Structures are given as C-alpha cells and as structure tokens.
file structure-v9.txt (compact mmCIF, C-alpha atoms)
# COMPACT_ATOMS: atom_id res chain seq x y z
CA MET Z 26 49.82 -32.80 13.35
CA ILE Z 27 51.98 -30.32 15.24
CA ASN Z 28 55.04 -31.93 13.72
CA CYS Z 29 53.59 -31.38 10.26
CA ILE Z 30 53.06 -27.66 10.93
CA VAL Z 31 56.56 -27.29 12.39
CA CYS Z 32 57.99 -29.01 9.34
CA PHE Z 33 56.06 -26.59 7.10
CA PHE Z 34 57.48 -23.57 8.90
CA LYS Z 35 60.98 -25.02 8.85
CA LYS Z 36 60.60 -25.57 5.13
CA CYS Z 37 59.59 -21.94 4.69
CA GLY Z 38 62.69 -20.86 6.56
CA LEU Z 39 60.90 -19.36 9.53
CA LYS Z 40 62.03 -19.36 13.09
CA VAL Z 41 59.33 -21.13 15.03
CA LEU Z 42 58.61 -19.48 18.35
CA LYS Z 43 57.90 -22.06 21.01
CA LEU Z 44 55.09 -20.13 22.66
CA GLY Z 45 52.46 -22.83 22.89
CA PHE Z 46 50.05 -24.50 20.55
CA LEU Z 47 47.03 -22.14 20.85
CA ASN Z 48 48.97 -18.94 20.14
CA ILE Z 49 47.60 -16.50 17.51
CA ASN Z 50 51.16 -15.90 16.23
CA TRP Z 51 51.06 -19.29 14.49
CA VAL Z 52 48.05 -18.25 12.40
CA LEU Z 53 49.47 -14.80 11.62
CA ILE Z 54 52.81 -16.20 10.48
CA CYS Z 55 51.02 -18.81 8.40
CA MET Z 56 48.79 -16.19 6.67
CA ALA Z 57 51.72 -13.85 5.98
CA GLU Z 58 53.63 -16.72 4.42
CA ILE Z 59 50.67 -17.71 2.22
CA TRP Z 60 50.12 -14.14 1.05
CA SER Z 61 53.79 -13.67 0.22
CA LEU Z 62 53.71 -16.88 -1.79
CA ILE Z 63 50.58 -15.72 -3.67
CA LEU Z 64 52.13 -12.32 -4.43
CA LYS Z 65 55.32 -13.95 -5.69
CA GLN Z 66 53.25 -16.19 -7.94
CA VAL Z 67 51.15 -13.26 -9.24
CA VAL Z 68 54.22 -11.13 -9.98
CA SER Z 69 55.73 -14.02 -11.93
CA TYR Z 70 52.72 -14.12 -14.29
CA GLY Z 71 53.87 -11.32 -16.60
CA PRO Z 72 53.77 -7.62 -17.32
CA PHE Z 73 50.17 -7.05 -16.14
CA PRO Z 74 49.60 -9.27 -13.11
CA PHE Z 75 47.13 -6.91 -11.47
CA GLY Z 76 44.91 -7.35 -14.51
CA ILE Z 77 43.67 -10.39 -12.65
CA ILE Z 78 42.46 -8.13 -9.84
CA VAL Z 79 40.87 -5.71 -12.33
CA GLY Z 80 39.19 -8.68 -14.00
CA ILE Z 81 37.82 -9.90 -10.70
CA TRP Z 82 36.50 -6.40 -9.98
CA ILE Z 83 34.78 -6.13 -13.40
CA ASN Z 84 33.25 -9.59 -12.96
CA ARG Z 85 31.98 -8.69 -9.51
CA TRP Z 86 30.54 -5.39 -10.76
CA SER Z 87 28.64 -6.98 -13.67
CA THR Z 88 27.45 -9.96 -11.64
CA SER Z 89 26.11 -7.79 -8.82
CA ALA Z 90 24.32 -5.56 -11.36
CA VAL Z 91 22.74 -8.60 -13.03
CA ILE Z 92 21.66 -10.08 -9.70
CA LYS Z 93 20.12 -6.76 -8.62
CA MET Z 94 18.18 -6.49 -11.88
CA ALA Z 95 17.06 -10.12 -11.61
CA GLY Z 96 15.64 -9.38 -8.16
CA GLU Z 97 13.67 -6.42 -9.54
CA GLU Z 98 12.47 -8.61 -12.41
CA LYS Z 99 11.26 -11.22 -9.96
CA ALA Z 100 9.23 -8.57 -8.10
CA ALA Z 101 7.78 -7.35 -11.43
CA ILE Z 102 6.78 -10.89 -12.44
CA ARG Z 103 5.09 -11.39 -9.07
CA GLU Z 104 3.12 -8.17 -9.57
CA GLU Z 105 2.18 -9.20 -13.12
CA LYS Z 106 0.86 -12.51 -11.86
CA LYS Z 107 -1.35 -10.65 -9.39
CA GLU Z 108 -2.71 -8.49 -12.21
CA LEU Z 109 -3.32 -11.58 -14.37
CA HIS Z 110 -5.47 -13.05 -11.60
CA GLY Z 111 -7.45 -9.78 -11.68
CA ILE Z 112 -7.84 -10.12 -15.45
CA ILE Z 113 -9.25 -13.64 -15.04
CA LYS Z 114 -11.78 -12.35 -12.51
CA ALA Z 115 -12.78 -9.50 -14.83
CA LYS Z 116 -13.18 -11.98 -17.70
CA GLU Z 117 -15.42 -14.13 -15.56
CA ALA Z 118 -17.60 -11.13 -14.72
CA ARG Z 119 -17.81 -10.27 -18.42
CA ILE Z 120 -18.76 -13.83 -19.37
CA ASP Z 121 -21.46 -13.80 -16.70
CA ALA Z 122 -22.82 -10.48 -17.98
CA LEU Z 123 -22.87 -11.74 -21.60
CA HIS Z 124 -24.52 -14.97 -20.51
CA ASP Z 125 -27.21 -13.04 -18.66
CA ARG Z 126 -27.81 -10.91 -21.74
CA LEU Z 127 -27.99 -13.96 -24.00
CA LEU Z 128 -30.05 -16.20 -21.75
CA PRO Z 129 -32.05 -14.04 -19.33
CA LYS Z 130 -33.52 -15.78 -16.32
CA MET L 612 58.14 -3.07 -22.72
CA GLU L 613 57.70 0.69 -22.65
CA LEU L 614 55.44 2.32 -20.14
CA SER L 615 53.17 3.87 -22.80
CA THR L 616 52.56 0.46 -24.44
CA PHE L 617 51.90 -1.04 -21.05
CA ILE L 618 49.31 1.64 -20.21
CA ALA L 619 47.68 1.32 -23.65
CA VAL L 620 47.37 -2.46 -23.29
CA ALA L 621 46.01 -2.13 -19.76
CA VAL L 622 43.39 0.49 -20.66
CA LEU L 623 42.31 -1.25 -23.86
CA SER L 624 41.92 -4.66 -22.26
CA THR L 625 39.95 -3.16 -19.36
CA LEU L 626 37.64 -1.33 -21.76
CA LEU L 627 37.20 -4.47 -23.84
CA ALA L 628 36.29 -6.47 -20.75
CA ILE L 629 33.77 -3.84 -19.63
CA VAL L 630 32.15 -3.67 -23.09
CA TRP L 631 32.01 -7.48 -23.25
CA HIS L 632 30.29 -7.66 -19.87
CA ILE L 633 27.82 -4.94 -20.83
CA ILE L 634 26.92 -6.64 -24.13
CA PHE L 635 26.66 -10.22 -22.89
CA TYR L 636 25.63 -9.92 -19.23
CA ILE L 637 24.19 -6.54 -18.31
CA TYR L 638 22.19 -5.64 -21.44
CA PRO L 639 20.20 -8.93 -21.57
CA ALA L 640 19.32 -8.58 -17.88
CA TYR L 641 18.32 -4.93 -18.43
CA LYS L 642 16.20 -5.93 -21.42
CA ARG L 643 14.41 -8.66 -19.47
CA LEU L 644 13.77 -6.26 -16.58
CA LYS L 645 12.34 -3.56 -18.86
CA ILE L 646 10.11 -6.08 -20.66
CA ALA L 647 8.85 -7.44 -17.31
CA LYS L 648 8.05 -3.90 -16.11
CA ALA L 649 6.25 -3.08 -19.38
CA LEU L 650 4.24 -6.31 -19.03
CA VAL L 651 3.16 -5.22 -15.53
CA THR L 652 1.88 -1.90 -16.91
CA LEU L 653 0.20 -3.72 -19.78
CA SER L 654 -1.57 -6.20 -17.51
CA LYS L 655 -2.78 -3.34 -15.28
CA CYS L 656 -4.21 -1.60 -18.35
CA VAL L 657 -5.89 -4.80 -19.58
CA ARG L 658 -7.42 -5.36 -16.17
CA ALA L 659 -8.78 -1.80 -16.11
CA ILE L 660 -10.12 -2.16 -19.68
CA ASP L 661 -11.72 -5.52 -18.83
CA GLU L 662 -13.39 -4.15 -15.72
CA GLY L 663 -14.46 -0.89 -17.36
CA PRO L 664 -15.22 -0.29 -21.03
CA LEU L 665 -15.26 -3.91 -22.18
CA LEU L 666 -17.81 -4.84 -19.50
CA ASP L 667 -19.94 -1.77 -20.28
CA GLY L 668 -19.89 -2.42 -23.99
CA THR L 669 -18.06 0.80 -24.90
CA ILE L 670 -15.50 -1.34 -26.69
CA SER L 671 -17.26 -4.07 -28.59
CA ARG L 672 -16.51 -6.72 -31.17
CA GLY L 673 -16.21 -5.58 -34.77
CA GLY L 674 -14.43 -2.27 -34.17
CA TYR L 675 -10.77 -1.54 -34.79
CA ILE L 676 -10.04 -1.10 -31.10
CA HIS L 677 -11.38 -4.53 -30.16
CA ASP L 678 -10.25 -6.47 -33.22
CA ASN L 679 -6.81 -4.95 -33.67
CA LEU L 680 -5.54 -3.20 -30.53
CA TYR L 681 -7.06 -5.55 -28.00
CA LYS L 682 -5.92 -8.56 -29.99
CA LEU L 683 -2.36 -7.23 -30.09
CA ILE L 684 -2.46 -6.53 -26.35
CA HIS L 685 -3.62 -10.07 -25.64
CA GLY L 686 -1.04 -11.56 -27.96
CA THR L 687 1.71 -9.60 -26.21
CA LEU L 688 0.52 -10.76 -22.80
CA THR L 689 0.15 -14.41 -23.69
CA SER L 690 3.11 -14.98 -26.00
CA LYS L 691 6.41 -13.53 -27.11
CA VAL L 692 5.62 -11.25 -30.03
CA ASN L 693 8.11 -10.45 -32.77
CA LEU L 694 7.55 -8.24 -35.80
CA ARG L 695 8.45 -9.32 -39.32
CA PHE L 696 10.02 -7.13 -41.96
CA LYS L 697 7.14 -7.54 -44.44
CA MET L 698 4.94 -5.61 -42.00
CA LEU L 699 6.78 -2.42 -43.04
CA LYS L 700 5.29 -2.63 -46.55
CA LYS L 701 1.80 -2.27 -45.12
CA LEU L 702 2.56 1.08 -43.50
CA SER L 703 2.78 2.84 -46.87
CA ILE L 704 0.03 5.29 -47.78
CA ASN L 705 -2.86 4.26 -50.02
CA ASP L 706 -6.57 5.00 -50.11
CA LYS L 707 -7.51 2.03 -47.96
CA HIS L 708 -4.94 3.07 -45.39
CA ILE L 709 -6.35 6.61 -45.17
CA GLU L 710 -9.89 5.25 -44.89
CA ASP L 711 -8.85 2.80 -42.15
CA LYS L 712 -7.00 5.53 -40.30
CA ALA L 713 -10.01 7.87 -40.42
CA LYS L 714 -12.32 5.13 -39.09
CA PHE L 715 -9.87 4.21 -36.39
CA ASN L 716 -9.41 7.83 -35.30
CA ALA L 717 -13.17 8.36 -35.21
CA GLU L 718 -13.46 5.29 -32.98
CA LEU L 719 -10.69 6.53 -30.70
CA ASN L 720 -12.13 10.04 -30.42
CA ALA L 721 -15.52 8.64 -29.39
CA LEU L 722 -13.94 7.14 -26.25
CA ASP L 723 -13.90 8.93 -22.91
CA GLU L 724 -10.74 10.43 -21.42
CA GLU L 725 -9.99 7.56 -19.01
CA THR L 726 -10.25 4.81 -21.64
CA ARG L 727 -8.17 6.81 -24.07
CA ARG L 728 -5.47 7.20 -21.45
CA LEU L 729 -5.57 3.46 -20.71
CA ILE L 730 -5.21 2.56 -24.38
CA ASP L 731 -2.34 5.04 -24.80
CA THR L 732 -0.50 3.53 -21.82
CA ALA L 733 -1.05 0.00 -23.13
CA MET L 734 0.21 0.99 -26.57
CA PHE L 735 3.28 2.65 -25.06
CA SER L 736 4.14 -0.45 -23.05
CA ILE L 737 3.76 -2.59 -26.19
CA ALA L 738 6.05 -0.14 -27.99
CA ARG L 739 8.61 -0.53 -25.19
CA ILE L 740 8.45 -4.31 -25.51
CA MET L 741 8.79 -4.17 -29.29
CA ILE L 742 11.69 -1.76 -29.23
CA PHE L 743 13.59 -4.24 -27.05
CA ARG L 744 12.55 -7.33 -29.03
CA ASP L 745 13.00 -5.99 -32.59
CA PRO L 746 14.71 -2.59 -32.39
CA ALA L 747 15.51 -2.34 -36.11
CA ILE L 748 11.99 -3.09 -37.39
CA PHE L 749 10.30 -0.92 -34.79
CA ILE L 750 12.54 2.10 -35.44
CA LEU L 751 12.00 1.71 -39.20
CA ALA L 752 8.24 1.56 -38.59
CA CYS L 753 8.44 4.71 -36.43
CA LEU L 754 10.34 6.54 -39.16
CA LYS L 755 7.85 5.41 -41.79
CA VAL L 756 4.84 6.51 -39.72
CA LYS L 757 6.57 9.82 -39.03
CA ARG L 758 7.23 10.35 -42.74
CA ASN L 759 3.60 9.60 -43.48
CA GLY L 760 2.27 11.84 -40.75
CA ASN L 761 3.31 15.27 -39.52
CA GLY L 762 7.07 15.13 -39.07
CA THR L 763 7.56 18.86 -38.65
CA GLN L 764 7.55 18.99 -34.83
CA LYS L 765 10.78 18.82 -32.91
CA GLY L 766 12.22 17.16 -29.82
CA GLY L 767 10.90 16.26 -26.43
CA ARG L 768 10.33 13.08 -24.46
CA ALA L 769 6.55 13.47 -24.68
CA LEU L 770 6.77 13.74 -28.45
CA ILE L 771 8.83 10.54 -28.69
CA ARG L 772 6.25 8.83 -26.50
CA LYS L 773 3.44 10.09 -28.73
CA ARG L 774 5.29 8.95 -31.84
CA MET L 775 5.90 5.49 -30.37
CA ILE L 776 2.20 5.21 -29.47
CA SER L 777 1.06 6.28 -32.92
CA SER L 778 3.50 3.85 -34.59
CA THR L 779 2.27 0.95 -32.46
CA GLU L 780 -1.32 1.88 -33.30
CA ALA L 781 -0.42 2.00 -36.99
CA ILE L 782 1.22 -1.42 -36.70
CA ALA L 783 -1.80 -2.81 -34.85
CA VAL L 784 -4.27 -1.46 -37.41
CA ASN L 785 -2.35 -2.45 -40.54
CA ALA L 786 -0.52 -5.67 -39.66
CA LYS L 787 -2.21 -9.03 -39.96
CA ASP L 788 -1.46 -12.24 -38.09
CA ALA L 789 1.20 -13.26 -40.63
CA ASP L 790 3.22 -10.11 -39.90
CA TYR L 791 3.90 -11.19 -36.34
CA SER L 792 5.58 -14.29 -35.09
CA TRP L 793 3.85 -15.45 -31.96
CA ASN L 794 6.00 -17.72 -29.83
CA ALA L 795 4.53 -19.44 -26.81
CA CYS L 796 6.11 -18.32 -23.54

call {"tool": "encode", "arguments": {"input": "structure-v9.txt", "output": "structure tokens"}}
result
Amino acid sequence: MINCIVCFFKKCGLKVLKLGFLNINWVLICMAEIWSLILKQVVSYGPFPFGIIVGIWINRWSTSAVIKMAGEEKAAIREEKKELHGIIKAKEARIDALHDRLLPK
Amino acid sequence: MELSTFIAVAVLSTLLAIVWHIIFYIYPAYKRLKIAKALVTLSKCVRAIDEGPLLDGTISRGGYIHDNLYKLIHGTLTSKVNLRFKMLKKLSINDKHIEDKAKFNAELNALDEETRRLIDTAMFSIARIMIFRDPAIFILACLKVKRNGNGTQKGGRALIRKRMISSTEAIAVNAKDADYSWNAC
C-alpha cells in the first residue's frame, strides 16, 4: 500500500519527504496534486472552461429553489388534508340534520 | 477569439441557462405551490360554508349559488379542472344572460356579510387556480366580462381581484359541465 502511494508521488515528480506514515503532509501534497490536475484538465477544455462552474452554480440555485418550494407545497397539502377532514365532519352533521328533518323521531 | 465575442458568448449562454431553468424547473414548482396554497384557502372556505350557511339552509338546492358556484368549488377540490375555449362564447350578452345575472346578483345580495366574504374568497382562489391552469382562456374570459360590464375604472390590486372574482362568477353561472374538462386527481 505504502509502496503504491510512493510510486504515485514519484510518478507525479514530487519529492517524497520521509517523515512517517501518519503525517498530514502526505494528504496535503496529494490534494494539491489532484487539484492541479483538475485545473489543468479544465483549462484544456476550451475558451470558456469556467462555464462549467457557472453551470453548476445555476443548477444549484434552481434546484435549491425547487426543493424549498416543494417543502412549502408539502406543508400546504398537509393543511389541506386537515381541512378536508373538517369538511367531511361538516357534511356528516348536515346529513344528520337533513335526516332528522326528513324522518323525525 | 476576441474578448468582446468571448464576453457576448459567456453572457448569452448564462442567460439562456437561467431562462431554461426558470421555464422548465422553477415555474412548474411555483405553479404547483400556488395551486396548493389556493386549494388550502378553498378548502377552508368550503368548510366554513358547510358548517355555516349550508347547514342553516341559507344556501339551498335550486339557487344559482348552490347549483353553480358550489358545484364549481366542489369540482375544483375533487378534480383537476380545465376550461375549454367554447366556454367563451357563453359569456356574450343576451337577454337570458342579463336575466340570469340579475337573479344571481339578487341571490348574492340577500346573503349576510360573512357568507359573501367566504364566497368571494373561494371564487378568488378558484380564479388563481384557473389562471395557472389555463392562463389564455381565463384572461380572455376576464377581458370579455370586463367589456360586458363597467370597464371604465382604472388600476389597483383590489380592482384586479374584484375583476377576477366577477369573471369566475360569470364562468360559474354561464358554463355548463361540457365547458370544463374534469380530470380525476
């Protein structure tokens, strides 16, 4: 496992500091290398590479708005259901009243 | 590539993306939310009408309010209502229409303040639902009712509300079952 990581760093052209296995420097160097690779890739995409980032932002904006509205809709539907139960009770009272009027005891 | 072209492409594509998201993601969610909120108001009104005037016998079978308005309210609550274009023909003025309108207004004026307010709120929430479901037909109906009635007043949110209520009432009084398409929820 350690050999694999060392090979990876050697491949990337980094000087591996022999400071021990559980050192945070390993992780930091690894992340920096990954980010530099990603940036190189993104820059190679064309004249508007940061359009990807703008696209992600627009997607996030619309999705969060939709999710927020869906939550409000869920609350509204719950409230409507409560009112519909009330309507059923009112209907029952009305049926009883009509029944009493039609067939008095 | 020149800088101006680059900026133009960037701005245009961003705007296009935003418009796309508004049309296909945000507007449908907004529409559903508004319809759900209008249905809450409508069900509250129906509950109040059921517990009050319908139980007392103030609103009874045979009148315009029971047979037309209440029927439309129930249809809207129990199914997805859509208007049809042929309904617009029925909003034109003739003798029967004037007679119907006079009877309907007499019935409405006989109600007490509370019931009148309830019916107005219910009609407004139906109008809100219809304007989201069939915007074109509802706006045409509003314009037609306005042309028939007093269209001399100007502006104001309250006036728009009043106009929407009166249009919905006109639709409810004049339209028959064939003018709606009732789809089960």

call {"tool": "residues_around", "arguments": {"input": "structure-v9.txt", "residues": "segment 80-85 of chain Z", "least_positions_apart": "6", "cutoff": "10 Å", "atoms": "only C-alpha atoms", "output": "PyMOL selection string"}}
result
(chain Z and resi 91) or (chain L and resi 624-625+628-629+632+636)

call {"tool": "interface_residues", "arguments": {"input": "structure-v9.txt", "of": "chain L", "to": "chain Z", "cutoff": "8 Å", "atoms": "all atoms listed in the file", "output": "short mmCIF file (atom, residue, chain, number, x, y, z; two decimals) with C-alpha atoms, in the frame of the given file"}}
result
data_model
loop_
_atom_site.label_atom_id
_atom_site.label_comp_id
_atom_site.auth_asym_id
_atom_site.auth_seq_id
_atom_site.Cartn_x
_atom_site.Cartn_y
_atom_site.Cartn_z
CA PHE L 617 51.90 -1.04 -21.05
CA ALA L 621 46.01 -2.13 -19.76
CA THR L 625 39.95 -3.16 -19.36
CA ALA L 628 36.29 -6.47 -20.75
CA ILE L 629 33.77 -3.84 -19.63
CA HIS L 632 30.29 -7.66 -19.87
CA ILE L 633 27.82 -4.94 -20.83
CA TYR L 636 25.63 -9.92 -19.23
CA ILE L 637 24.19 -6.54 -18.31
CA ALA L 640 19.32 -8.58 -17.88
CA TYR L 641 18.32 -4.93 -18.43
CA ARG L 643 14.41 -8.66 -19.47
CA LEU L 644 13.77 -6.26 -16.58
CA ALA L 647 8.85 -7.44 -17.31
CA LYS L 648 8.05 -3.90 -16.11
CA LEU L 650 4.24 -6.31 -19.03
CA VAL L 651 3.16 -5.22 -15.53
CA SER L 654 -1.57 -6.20 -17.51
CA LYS L 655 -2.78 -3.34 -15.28
CA VAL L 657 -5.89 -4.80 -19.58
CA ARG L 658 -7.42 -5.36 -16.17
CA ASP L 661 -11.72 -5.52 -18.83
CA GLU L 662 -13.39 -4.15 -15.72
CA LEU L 665 -15.26 -3.91 -22.18
CA LEU L 666 -17.81 -4.84 -19.50
#

call {"tool": "atom_distance", "arguments": {"input": "structure-v9.txt", "atom1": "atom CA of Tyr791 of chain L", "atom2": "atom CA of Met698 of chain L"}}
result
8.0 Å

call {"tool": "closest_residue", "arguments": {"input": "structure-v9.txt", "among": "L:Ala786, L:Leu722, L:Ile742, L:Leu751", "to": "Pro664 of chain L", "atoms": "all atoms listed in the file"}}
result
L:Leu722

call {"tool": "atom_distance", "arguments": {"input": "structure-v9.txt", "atom1": "atom CA of Leu754 of chain L", "atom2": "atom CA of Leu699 of chain L"}}
result
10.4 Å

call {"tool": "atom_distance", "arguments": {"input": "structure-v9.txt", "atom1": "atom CA of Leu683 of chain L", "atom2": "atom CA of Ala783 of chain L"}}
result
6.5 Å

call {"tool": "residues_around", "arguments": {"input": "structure-v9.txt", "residues": "Tyr681 of chain L", "least_positions_apart": "2", "cutoff": "12 Å", "atoms": "only C-alpha atoms", "output": "compact mmCIF listing (two decimals) with C-alpha atoms, in the coordinates of the input"}}
result
# COMPACT_ATOMS: atom_id res chain seq x y z
CA LEU L 653 0.20 -3.72 -19.78
CA SER L 654 -1.57 -6.20 -17.51
CA CYS L 656 -4.21 -1.60 -18.35
CA VAL L 657 -5.89 -4.80 -19.58
CA ARG L 658 -7.42 -5.36 -16.17
CA ILE L 660 -10.12 -2.16 -19.68
CA ASP L 661 -11.72 -5.52 -18.83
CA PRO L 664 -15.22 -0.29 -21.03
CA LEU L 665 -15.26 -3.91 -22.18
CA ILE L 670 -15.50 -1.34 -26.69
CA SER L 671 -17.26 -4.07 -28.59
CA ARG L 672 -16.51 -6.72 -31.17
CA GLY L 673 -16.21 -5.58 -34.77
CA GLY L 674 -14.43 -2.27 -34.17
CA TYR L 675 -10.77 -1.54 -34.79
CA ILE L 676 -10.04 -1.10 -31.10
CA HIS L 677 -11.38 -4.53 -30.16
CA ASP L 678 -10.25 -6.47 -33.22
CA ASN L 679 -6.81 -4.95 -33.67
CA LEU L 683 -2.36 -7.23 -30.09
CA ILE L 684 -2.46 -6.53 -26.35
CA HIS L 685 -3.62 -10.07 -25.64
CA GLY L 686 -1.04 -11.56 -27.96
CA THR L 687 1.71 -9.60 -26.21
CA LEU L 688 0.52 -10.76 -22.80
CA LEU L 729 -5.57 3.46 -20.71
CA ILE L 730 -5.21 2.56 -24.38
CA ALA L 733 -1.05 0.00 -23.13
CA MET L 734 0.21 0.99 -26.57
CA ILE L 737 3.76 -2.59 -26.19
CA GLU L 780 -1.32 1.88 -33.30
CA ALA L 783 -1.80 -2.81 -34.85
CA VAL L 784 -4.27 -1.46 -37.41

call {"tool": "closest_residue", "arguments": {"input": "structure-v9.txt", "among": "L:Lys701, L:Arg744, L:Arg727, L:Arg739", "to": "Thr779 of chain L", "atoms": "only C-alpha atoms"}}
result
L:Arg739

call {"tool": "residues_around", "arguments": {"input": "structure-v9.txt", "residues": "Arg774 of chain L", "least_positions_apart": "3", "cutoff": "8 Å", "atoms": "all atoms listed in the file", "output": "tab-separated table (two decimals) with C-alpha atoms, keeping the file's coordinate frame"}}
result
chain	number	residue	atom	x	y	z
L	753	CYS	CA	8.44	4.71	-36.43
L	757	LYS	CA	6.57	9.82	-39.03
L	770	LEU	CA	6.77	13.74	-28.45
L	771	ILE	CA	8.83	10.54	-28.69
L	777	SER	CA	1.06	6.28	-32.92
L	778	SER	CA	3.50	3.85	-34.59

call {"tool": "closest_residue", "arguments": {"input": "structure-v9.txt", "among": "L:Phe715, L:Val620, L:Ala721, L:Trp793", "to": "Leu680 of chain L", "atoms": "only C-alpha atoms"}}
result
L:Phe715
